[in-house]
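Shown here: coords13.txt, compact mmCIF, C-alpha atoms and all ligand atoms.
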# COMPACT_ATOMS: atom_id res chain seq x y z
CA MET A 1 -81.91 15.99 -52.90
CA SER A 2 -82.35 12.27 -53.49
CA ALA A 3 -85.96 11.26 -54.01
CA HIS A 4 -85.48 7.62 -53.11
CA PRO A 5 -84.40 7.09 -49.53
CA SER A 6 -83.51 3.54 -48.63
CA ARG A 7 -83.05 1.72 -45.37
CA ALA A 8 -79.47 0.86 -46.27
CA ALA A 9 -78.24 4.36 -47.10
CA GLY A 10 -76.55 5.89 -44.06
CA ASP A 11 -77.51 9.45 -44.92
CA ALA A 12 -81.13 8.81 -45.87
CA PRO A 13 -83.50 10.75 -43.61
CA VAL A 14 -85.19 8.82 -40.82
CA LEU A 15 -88.31 10.94 -41.31
CA SER A 16 -89.29 12.66 -44.52
CA VAL A 17 -92.44 14.79 -44.62
CA ARG A 18 -93.60 16.13 -48.00
CA ASP A 19 -96.43 18.53 -48.79
CA LEU A 20 -98.35 17.38 -45.75
CA ARG A 21 -101.82 18.90 -45.73
CA ILE A 22 -104.37 18.30 -43.00
CA GLU A 23 -107.95 19.34 -43.43
CA PHE A 24 -110.93 19.22 -41.10
CA PRO A 25 -114.52 19.77 -42.24
CA LEU A 26 -114.13 23.29 -40.82
CA GLY A 27 -110.91 24.10 -42.64
CA VAL A 28 -107.28 23.41 -43.41
CA VAL A 29 -105.03 23.31 -40.31
CA VAL A 30 -101.72 22.32 -41.94
CA ASP A 31 -101.07 23.53 -45.46
CA GLY A 32 -98.08 22.04 -47.21
CA SER A 33 -95.48 21.07 -44.61
CA SER A 34 -92.17 19.53 -45.78
CA PHE A 35 -89.06 18.62 -43.83
CA ASP A 36 -86.52 15.83 -43.30
CA ILE A 37 -84.87 14.67 -40.09
CA ALA A 38 -81.66 12.63 -40.21
CA ARG A 39 -80.30 10.23 -37.61
CA GLY A 40 -79.00 12.07 -34.57
CA GLN A 41 -80.55 15.37 -35.67
CA THR A 42 -83.25 17.50 -34.08
CA MET A 43 -85.83 19.48 -36.03
CA GLY A 44 -87.42 22.20 -33.94
CA LEU A 45 -90.98 22.92 -34.99
CA VAL A 46 -91.91 26.31 -33.60
CA GLY A 47 -94.93 28.57 -33.87
CA GLU A 48 -97.67 30.19 -31.82
CA SER A 49 -100.46 28.19 -30.28
CA GLY A 50 -102.87 26.98 -32.98
CA SER A 51 -100.31 27.09 -35.80
CA GLY A 52 -100.65 23.36 -36.55
CA LYS A 53 -97.65 21.89 -34.73
CA SER A 54 -99.49 19.20 -32.78
CA MET A 55 -101.63 18.28 -35.79
CA THR A 56 -98.40 17.72 -37.73
CA SER A 57 -97.09 15.36 -35.04
CA LEU A 58 -100.41 13.51 -34.75
CA ALA A 59 -100.45 13.00 -38.53
CA ILE A 60 -96.96 11.46 -38.37
CA MET A 61 -98.07 9.05 -35.64
CA GLY A 62 -101.41 8.20 -37.24
CA LEU A 63 -103.32 9.68 -34.30
CA LEU A 64 -105.37 12.41 -36.01
CA PRO A 65 -109.10 12.51 -35.26
CA LYS A 66 -111.10 10.47 -37.76
CA GLU A 67 -112.71 13.54 -39.36
CA ALA A 68 -109.32 14.87 -40.50
CA THR A 69 -108.18 14.12 -44.05
CA THR A 70 -104.51 14.15 -45.02
CA THR A 71 -102.65 14.41 -48.30
CA GLY A 72 -98.94 14.43 -49.06
CA SER A 73 -96.45 11.99 -47.71
CA VAL A 74 -94.84 11.00 -44.39
CA ARG A 75 -92.05 8.50 -44.90
CA PHE A 76 -90.28 6.74 -42.04
CA HIS A 77 -87.12 4.96 -43.25
CA GLY A 78 -88.65 5.30 -46.71
CA ASP A 79 -91.97 3.62 -45.81
CA GLU A 80 -95.17 5.63 -46.16
CA LEU A 81 -96.95 6.14 -42.83
CA LEU A 82 -100.03 8.02 -44.02
CA HIS A 83 -103.19 5.96 -44.44
CA ARG A 84 -101.79 2.85 -42.82
CA SER A 85 -104.02 0.61 -40.70
CA ASP A 86 -104.42 1.30 -37.00
CA ALA A 87 -102.86 -2.08 -36.17
CA SER A 88 -99.80 -1.40 -38.28
CA MET A 89 -99.32 2.08 -36.78
CA ARG A 90 -99.72 0.67 -33.26
CA ARG A 91 -96.78 -1.65 -33.90
CA THR A 92 -94.60 1.25 -35.04
CA ARG A 93 -95.67 3.68 -32.32
CA GLY A 94 -93.84 3.20 -29.05
CA ASP A 95 -91.38 0.83 -30.70
CA GLN A 96 -89.65 2.67 -33.54
CA ILE A 97 -91.39 6.01 -32.98
CA ALA A 98 -91.72 7.29 -29.41
CA MET A 99 -93.70 10.23 -28.11
CA ILE A 100 -93.23 12.59 -25.20
CA PHE A 101 -96.07 14.98 -24.38
CA GLN A 102 -96.46 18.10 -22.28
CA ASP A 103 -98.35 16.50 -19.44
CA PRO A 104 -96.89 13.24 -18.13
CA LEU A 105 -99.76 12.77 -15.68
CA SER A 106 -102.26 12.36 -18.49
CA SER A 107 -100.04 9.72 -20.14
CA LEU A 108 -99.29 7.74 -16.97
CA ASN A 109 -101.79 5.49 -15.24
CA PRO A 110 -102.10 6.55 -11.57
CA TYR A 111 -102.91 2.98 -10.46
CA TYR A 112 -99.72 1.28 -11.63
CA THR A 113 -96.11 1.77 -10.61
CA VAL A 114 -93.93 3.62 -13.10
CA GLY A 115 -91.67 0.57 -13.38
CA PHE A 116 -94.60 -1.62 -14.34
CA GLN A 117 -95.73 0.89 -16.98
CA ILE A 118 -92.29 1.19 -18.55
CA ALA A 119 -91.88 -2.59 -18.42
CA GLU A 120 -95.24 -3.15 -20.13
CA ALA A 121 -94.37 -0.60 -22.83
CA TYR A 122 -91.24 -2.66 -23.43
CA ARG A 123 -92.98 -6.04 -23.39
CA ALA A 124 -95.74 -4.88 -25.75
CA HIS A 125 -93.14 -4.52 -28.51
CA LYS A 126 -90.19 -6.68 -27.51
CA GLY A 127 -91.77 -9.48 -25.50
CA GLY A 128 -89.75 -11.39 -22.87
CA THR A 129 -90.43 -12.06 -19.21
CA LYS A 130 -91.88 -9.57 -16.75
CA ALA A 131 -88.71 -9.75 -14.67
CA ALA A 132 -86.48 -8.98 -17.66
CA ALA A 133 -88.75 -6.09 -18.67
CA MET A 134 -88.63 -4.69 -15.14
CA ARG A 135 -84.83 -4.75 -15.30
CA LYS A 136 -85.07 -2.83 -18.62
CA ALA A 137 -87.35 -0.31 -16.89
CA ALA A 138 -84.85 0.24 -14.07
CA GLU A 139 -82.05 0.61 -16.62
CA ALA A 140 -84.06 3.18 -18.60
CA MET A 141 -84.86 5.14 -15.42
CA ASP A 142 -81.19 5.11 -14.53
CA ARG A 143 -80.27 6.41 -18.00
CA VAL A 144 -82.53 9.41 -17.51
CA ARG A 145 -80.77 9.99 -14.18
CA ILE A 146 -83.62 9.27 -11.80
CA PRO A 147 -81.82 8.77 -8.49
CA ASP A 148 -82.19 5.26 -6.98
CA ALA A 149 -83.86 4.00 -10.18
CA ALA A 150 -83.85 0.37 -8.98
CA GLY A 151 -85.85 1.38 -5.90
CA ARG A 152 -88.12 3.90 -7.58
CA VAL A 153 -89.48 1.47 -10.20
CA GLY A 154 -91.93 0.50 -7.44
CA HIS A 155 -93.26 4.02 -6.96
CA TYR A 156 -96.49 5.48 -8.35
CA PRO A 157 -96.67 8.54 -10.64
CA HIS A 158 -97.95 10.87 -7.87
CA GLN A 159 -94.82 10.11 -5.83
CA PHE A 160 -92.66 11.94 -8.39
CA SER A 161 -92.19 15.68 -8.97
CA GLY A 162 -93.20 17.16 -12.33
CA GLY A 163 -89.63 17.09 -13.63
CA MET A 164 -89.07 13.51 -12.43
CA ARG A 165 -92.36 12.44 -14.03
CA GLN A 166 -91.19 13.88 -17.32
CA ARG A 167 -87.98 11.83 -16.86
CA VAL A 168 -90.17 8.75 -16.40
CA MET A 169 -91.89 9.56 -19.71
CA ILE A 170 -88.51 9.95 -21.40
CA ALA A 171 -87.44 6.59 -19.93
CA MET A 172 -90.61 5.03 -21.34
CA ALA A 173 -89.94 6.63 -24.72
CA LEU A 174 -86.38 5.29 -24.70
CA VAL A 175 -86.92 1.77 -23.48
CA CYS A 176 -87.60 0.31 -26.95
CA GLU A 177 -84.69 2.26 -28.49
CA PRO A 178 -86.75 4.19 -31.06
CA ASP A 179 -85.29 5.72 -34.22
CA LEU A 180 -87.56 8.74 -33.97
CA ILE A 181 -88.62 10.69 -30.88
CA ILE A 182 -91.48 13.16 -31.16
CA ALA A 183 -91.59 15.56 -28.23
CA ASP A 184 -94.59 17.92 -28.19
CA GLU A 185 -94.02 20.80 -25.73
CA PRO A 186 -92.26 18.41 -23.30
CA THR A 187 -91.00 21.20 -21.04
CA THR A 188 -93.85 23.70 -21.28
CA ALA A 189 -95.45 22.69 -17.97
CA LEU A 190 -92.16 22.80 -16.05
CA ASP A 191 -90.55 25.72 -14.29
CA VAL A 192 -87.58 27.22 -16.04
CA THR A 193 -84.78 25.52 -14.07
CA VAL A 194 -86.32 22.07 -14.45
CA GLN A 195 -87.00 22.88 -18.10
CA ALA A 196 -83.28 23.48 -18.68
CA GLN A 197 -82.44 20.15 -16.99
CA ILE A 198 -84.91 18.25 -19.15
CA LEU A 199 -83.56 19.90 -22.30
CA ASP A 200 -80.02 18.88 -21.30
CA LEU A 201 -81.23 15.37 -20.66
CA LEU A 202 -83.01 15.13 -24.02
CA ALA A 203 -79.86 16.33 -25.77
CA ASP A 204 -77.79 13.68 -23.92
CA VAL A 205 -80.33 10.96 -24.65
CA GLN A 206 -80.20 11.82 -28.30
CA GLU A 207 -76.41 11.84 -28.33
CA MET A 208 -76.52 8.40 -26.72
CA THR A 209 -79.18 6.85 -28.96
CA GLN A 210 -78.61 8.84 -32.18
CA ALA A 211 -82.39 8.93 -32.63
CA ALA A 212 -83.90 11.57 -34.90
CA MET A 213 -86.02 14.02 -32.94
CA LEU A 214 -88.96 16.26 -33.79
CA PHE A 215 -89.09 18.83 -31.02
CA ILE A 216 -92.26 20.92 -30.89
CA THR A 217 -92.55 24.12 -28.91
CA HIS A 218 -94.13 27.57 -29.02
CA ASP A 219 -90.95 28.90 -27.39
CA LEU A 220 -88.04 29.98 -29.59
CA ALA A 221 -85.71 30.14 -26.59
CA VAL A 222 -86.27 26.44 -26.02
CA VAL A 223 -85.90 25.55 -29.68
CA SER A 224 -82.60 27.45 -29.84
CA GLN A 225 -81.18 25.19 -27.14
CA ILE A 226 -81.93 21.89 -28.73
CA SER A 227 -82.39 22.10 -32.51
CA ASP A 228 -80.08 21.55 -35.44
CA HIS A 229 -82.75 22.69 -37.88
CA VAL A 230 -85.82 24.82 -37.34
CA THR A 231 -89.20 25.05 -39.07
CA VAL A 232 -91.30 28.10 -38.20
CA MET A 233 -95.06 27.65 -38.64
CA ARG A 234 -97.85 30.19 -38.73
CA PHE A 235 -101.53 29.54 -39.42
CA GLY A 236 -100.71 26.05 -40.72
CA ARG A 237 -98.07 27.26 -43.17
CA THR A 238 -94.29 27.00 -43.01
CA VAL A 239 -92.99 30.56 -43.02
CA GLU A 240 -89.30 29.83 -42.60
CA GLN A 241 -86.95 26.88 -42.50
CA GLY A 242 -83.21 26.57 -42.02
CA THR A 243 -80.40 25.56 -39.72
CA ALA A 244 -80.82 26.79 -36.15
CA GLU A 245 -77.86 29.08 -36.71
CA GLN A 246 -79.41 30.69 -39.79
CA ILE A 247 -82.74 31.19 -38.12
CA PHE A 248 -81.31 32.72 -34.98
CA SER A 249 -78.51 34.82 -36.43
CA ASN A 250 -80.08 35.84 -39.70
CA PRO A 251 -83.83 35.26 -39.93
CA ASP A 252 -85.35 35.98 -43.29
CA ASN A 253 -89.00 36.18 -42.51
CA ASP A 254 -90.65 39.11 -40.73
CA TYR A 255 -92.72 36.81 -38.57
CA THR A 256 -89.59 34.94 -37.40
CA LYS A 257 -87.93 38.28 -36.66
CA ALA A 258 -90.92 39.35 -34.59
CA LEU A 259 -90.89 36.05 -32.69
CA LEU A 260 -87.17 36.41 -32.02
CA ALA A 261 -87.53 40.00 -30.84
CA ALA A 262 -90.15 38.87 -28.34
CA THR A 263 -88.07 35.95 -27.03
CA PRO A 264 -85.81 36.22 -24.01
CA ARG A 265 -82.91 33.77 -24.13
CA LEU A 266 -83.37 30.90 -21.71
CA ASP A 267 -80.00 31.59 -20.09
CA ASP A 268 -80.96 35.25 -19.58
CA VAL A 269 -84.07 34.13 -17.75
CA VAL A 270 -82.11 31.74 -15.56
CA ASP A 271 -79.58 34.47 -14.71
CA LEU A 272 -82.21 36.94 -13.52
CA PRO A 273 -81.48 37.81 -9.90
CA GLU A 274 -85.14 38.08 -8.96
CA PRO A 275 -88.37 36.94 -10.54
CA ILE A 276 -89.88 39.69 -12.64
CA LEU A 277 -92.94 39.77 -14.82
CA THR A 278 -92.09 39.60 -18.49
CA LYS A 279 -94.29 40.80 -21.30
CA GLY A 280 -96.08 37.91 -22.94
CA GLY A 281 -94.89 35.45 -20.27
CA LYS A 282 -97.37 32.75 -19.34
N1 LIG A 301 -110.87 18.36 -34.03
C1 LIG A 301 -110.57 19.51 -34.68
N2 LIG A 301 -111.36 19.97 -35.69
C2 LIG A 301 -111.06 21.10 -36.33
N3 LIG A 301 -109.99 21.87 -36.06
C3 LIG A 301 -109.19 21.48 -35.06
C4 LIG A 301 -109.43 20.28 -34.31
N4 LIG A 301 -108.46 20.16 -33.39
C5 LIG A 301 -107.66 21.25 -33.54
N5 LIG A 301 -108.08 22.04 -34.54
C6 LIG A 301 -107.48 23.29 -35.02
O1 LIG A 301 -106.26 22.98 -35.66
C7 LIG A 301 -105.39 24.09 -35.56
C8 LIG A 301 -104.00 23.60 -35.22
O2 LIG A 301 -104.01 23.04 -33.92
P1 LIG A 301 -102.70 22.44 -33.23
O3 LIG A 301 -101.94 21.65 -34.21
O4 LIG A 301 -103.15 21.77 -32.00
O5 LIG A 301 -101.89 23.77 -32.89
P2 LIG A 301 -100.53 23.92 -32.05
O6 LIG A 301 -100.07 22.58 -31.59
O7 LIG A 301 -99.57 24.59 -32.99
O8 LIG A 301 -100.87 24.83 -30.91
C9 LIG A 301 -105.97 25.02 -34.51
O9 LIG A 301 -106.48 26.16 -35.17
C10 LIG A 301 -107.08 24.21 -33.89
O10 LIG A 301 -108.16 25.04 -33.55
MG MG A 302 -99.83 21.84 -29.66
Take the structure in this file and express it as structure tokens.
Ligand SMILES: Nc1ncnc2c1ncn2[C@@H]1O[C@H](COP(=O)(O)OP(=O)(O)O)[C@@H](O)[C@H]1O
Ligand SMILES: [Mg+2]
Amino acid sequence: MSAHPSRAAGDAPVLSVRDLRIEFPLGVVVDGSSFDIARGQTMGLVGESGSGKSMTSLAIMGLLPKEATTTGSVRFHGDELLHRSDASMRRTRGDQIAMIFQDPLSSLNPYYTVGFQIAEAYRAHKGGTKAAAMRKAAEAMDRVRIPDAAGRVGHYPHQFSGGMRQRVMIAMALVCEPDLIIADEPTTALDVTVQAQILDLLADVQEMTQAAMLFITHDLAVVSQISDHVTVMRFGRTVEQGTAEQIFSNPDNDYTKALLAATPRLDDVVDLPEPILTKGGK
């Protein structure tokens, strides 16, 4: 593989992570992670709780706690992101790199309308008038298929359902047209039907924008729906990596096999005639 990605080359990865290692005073939480994500592609990062998925995403965005030390390399369009200044990372975050988290309520301010918050996210990076930014917000909400987007820009976060709030977060992530979307367990808090709708939406959004996406989940059923490539993590280490097809049809690693054996397919769950308790379900 080429070792010198450039902005001009069409097939250069948008994100290139090499030998990423994250250490806290109490121990190493990510030990040698490497992967690339190309334009329009989704990397699914999967593993049990505590395996180092969120720490990986925080390292990419420059949001790790101060006591963490990192080595290795995280290149975005060829530019190193590790050890950059807070000011420089703030400019990149939200503009070229967007984030979607599990809990939209903790990311949204309850005292401002969702339209205002999306508009301000836009203006912080792109400037322009408040009125123009509000139009961008309504457009973004319409793109994520929030009904009556033009009217609902004036509503507050608590006036939306959980699924609609996650659509608001996706609209906010999209409004600056980022090249990279990092979604950390974006559907984990949602019930399974809404989860499937949000996954469909994310896939459409990506088709539309051709952004690269890092999709983090503990749930292999979810990752199977959305990923082109998959990285399986355990205890901070990468145990298996490949195309989604390889991983799901012919896993190599015993841990991946065990995860797969314990995973109901999302469509199976949706087809169940009645709710039943599943082993290991949360
Ligand atoms: N501030 C911290 N100091 C030390 N270890 C931490 C800190 N925050 C998280 N960890 C540890 O890092 C490991 C990876 O956490 P995380 O990336 O959040 O896991 P995941 O997202 O896969 O569930 C966990 O074992 C967690 O206990
Ligand atoms: Mg996590």
(message) Please find the residues contacting ligand LIG 301 (chain A) at a distance of at most 9 Å between atoms, with only C-alpha atoms and all ligand atoms counted, and report them as a PyMOL selection string.
(response) chain A and resi 22-30+45-58+64-68+184-185+216-218+233-236
(message) Using all atoms listed in the file for the distances, tell me which of A:Met89, A:Ala183, A:Leu202, A:Ile97 is nearest to ligand MG 302 (chain A).
(response) A:Ala183
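Reported to one decimal place, the separation of CA of Gly62 (chain A) from CA of Arg75 (chain A) is 12.1 Å.
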(message) Just to confirm, what's the straight-line distance from CA of Phe116 (chain A) to CA of Gln96 (chain A) in Å (one decimal)?
(response) 20.3 Å
(request) Name all residues at most 6 Å from Ala212 (chain A) (count all atoms listed in the file; drop same-chain ones fewer than 3 positions away) and give them as a PyMOL selection string. (result) chain A and resi 38-41+180
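Every protein, DNA or RNA residue with an atom at most 12 Å from Glu120 (chain A), where only C-alpha atoms count and chain neighbours fewer than 5 positions away do not, is listed here: Gly94, Asp95, Asn109, Tyr112, Thr113, Val114, Gly115, His125, Lys126, Gly127, Gly128, Thr129, Lys130, Ala131, Ala132, Ala133, Met134, Arg135, Lys136, Ala137, Met172, Val175 and Cys176 of chain A.
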Kindly export the residues of the current selection with C-alpha atoms, as a PDB file, in the frame of the given file.
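Output (result-v5.pdb):
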ATOM      1  CA  GLY A  94     -93.840   3.200 -29.050  1.00  0.00           C
ATOM      2  CA  ASP A  95     -91.380   0.830 -30.700  1.00  0.00           C
ATOM      3  CA  ASN A 109    -101.790   5.490 -15.240  1.00  0.00           C
ATOM      4  CA  TYR A 112     -99.720   1.280 -11.630  1.00  0.00           C
ATOM      5  CA  THR A 113     -96.110   1.770 -10.610  1.00  0.00           C
ATOM      6  CA  VAL A 114     -93.930   3.620 -13.100  1.00  0.00           C
ATOM      7  CA  GLY A 115     -91.670   0.570 -13.380  1.00  0.00           C
ATOM      8  CA  HIS A 125     -93.140  -4.520 -28.510  1.00  0.00           C
ATOM      9  CA  LYS A 126     -90.190  -6.680 -27.510  1.00  0.00           C
ATOM     10  CA  GLY A 127     -91.770  -9.480 -25.500  1.00  0.00           C
ATOM     11  CA  GLY A 128     -89.750 -11.390 -22.870  1.00  0.00           C
ATOM     12  CA  THR A 129     -90.430 -12.060 -19.210  1.00  0.00           C
ATOM     13  CA  LYS A 130     -91.880  -9.570 -16.750  1.00  0.00           C
ATOM     14  CA  ALA A 131     -88.710  -9.750 -14.670  1.00  0.00           C
ATOM     15  CA  ALA A 132     -86.480  -8.980 -17.660  1.00  0.00           C
ATOM     16  CA  ALA A 133     -88.750  -6.090 -18.670  1.00  0.00           C
ATOM     17  CA  MET A 134     -88.630  -4.690 -15.140  1.00  0.00           C
ATOM     18  CA  ARG A 135     -84.830  -4.750 -15.300  1.00  0.00           C
ATOM     19  CA  LYS A 136     -85.070  -2.830 -18.620  1.00  0.00           C
ATOM     20  CA  ALA A 137     -87.350  -0.310 -16.890  1.00  0.00           C
ATOM     21  CA  MET A 172     -90.610   5.030 -21.340  1.00  0.00           C
ATOM     22  CA  VAL A 175     -86.920   1.770 -23.480  1.00  0.00           C
ATOM     23  CA  CYS A 176     -87.600   0.310 -26.950  1.00  0.00           C
TER      24      CYS A 176
END
(request) Could you check how far CA of Val17 (chain A) sits from CA of Pro186 (chain A), in Å to one decimal? (result) 21.6 Å
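Considering the residues A:Ile247, A:Thr231, A:Ile37, A:Asp19 and counting all atoms listed in the file, Met213 (chain A) has its shortest atom-to-atom contact with A:Ile37.
Nearest residue to Met43 (chain A), choosing from A:Ala12, A:Ile182, A:Leu214, A:Ile226 and counting all atoms listed in the file: A:Leu214.
Near region 145-149 of chain A, within 9 Å and counting all atoms listed in the file, sit Ala137, Ala138, Glu139, Ala140, Met141, Val153, Met164, Arg167, Val168 and Leu201 of chain A, not including residues fewer than 4 positions from it in the same chain.
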For region 48-55 of chain A, what centre and edge lengths in Å (one decimal) does the axis-aligned box get once 6 Å is added on each side of all its listed atoms, as AutoDock Vina command-line options?
--center_x -100.3 --center_y 24.2 --center_z -33.4 --size_x 17.2 --size_y 23.9 --size_z 18.3
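Considering all atoms listed in the file, the residue among A:Arg123, A:Val205, A:Arg91, A:Phe101 positioned nearest to ligand MG 302 (chain A) is A:Phe101.
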(request) Point out the residue among A:Glu207, A:Glu177, A:Asp219, A:Glu80 with the least atom-to-atom distance to ligand MG 302 (chain A), counting all atoms listed in the file. (result) A:Asp219
(message) Show me the residues close to (-94.8, 21.4, -44.5) - anything with an atom within 6 Å, counting only C-alpha atoms - and format the list as a PyMOL selection string.
(response) chain A and resi 19-20+32-34+238
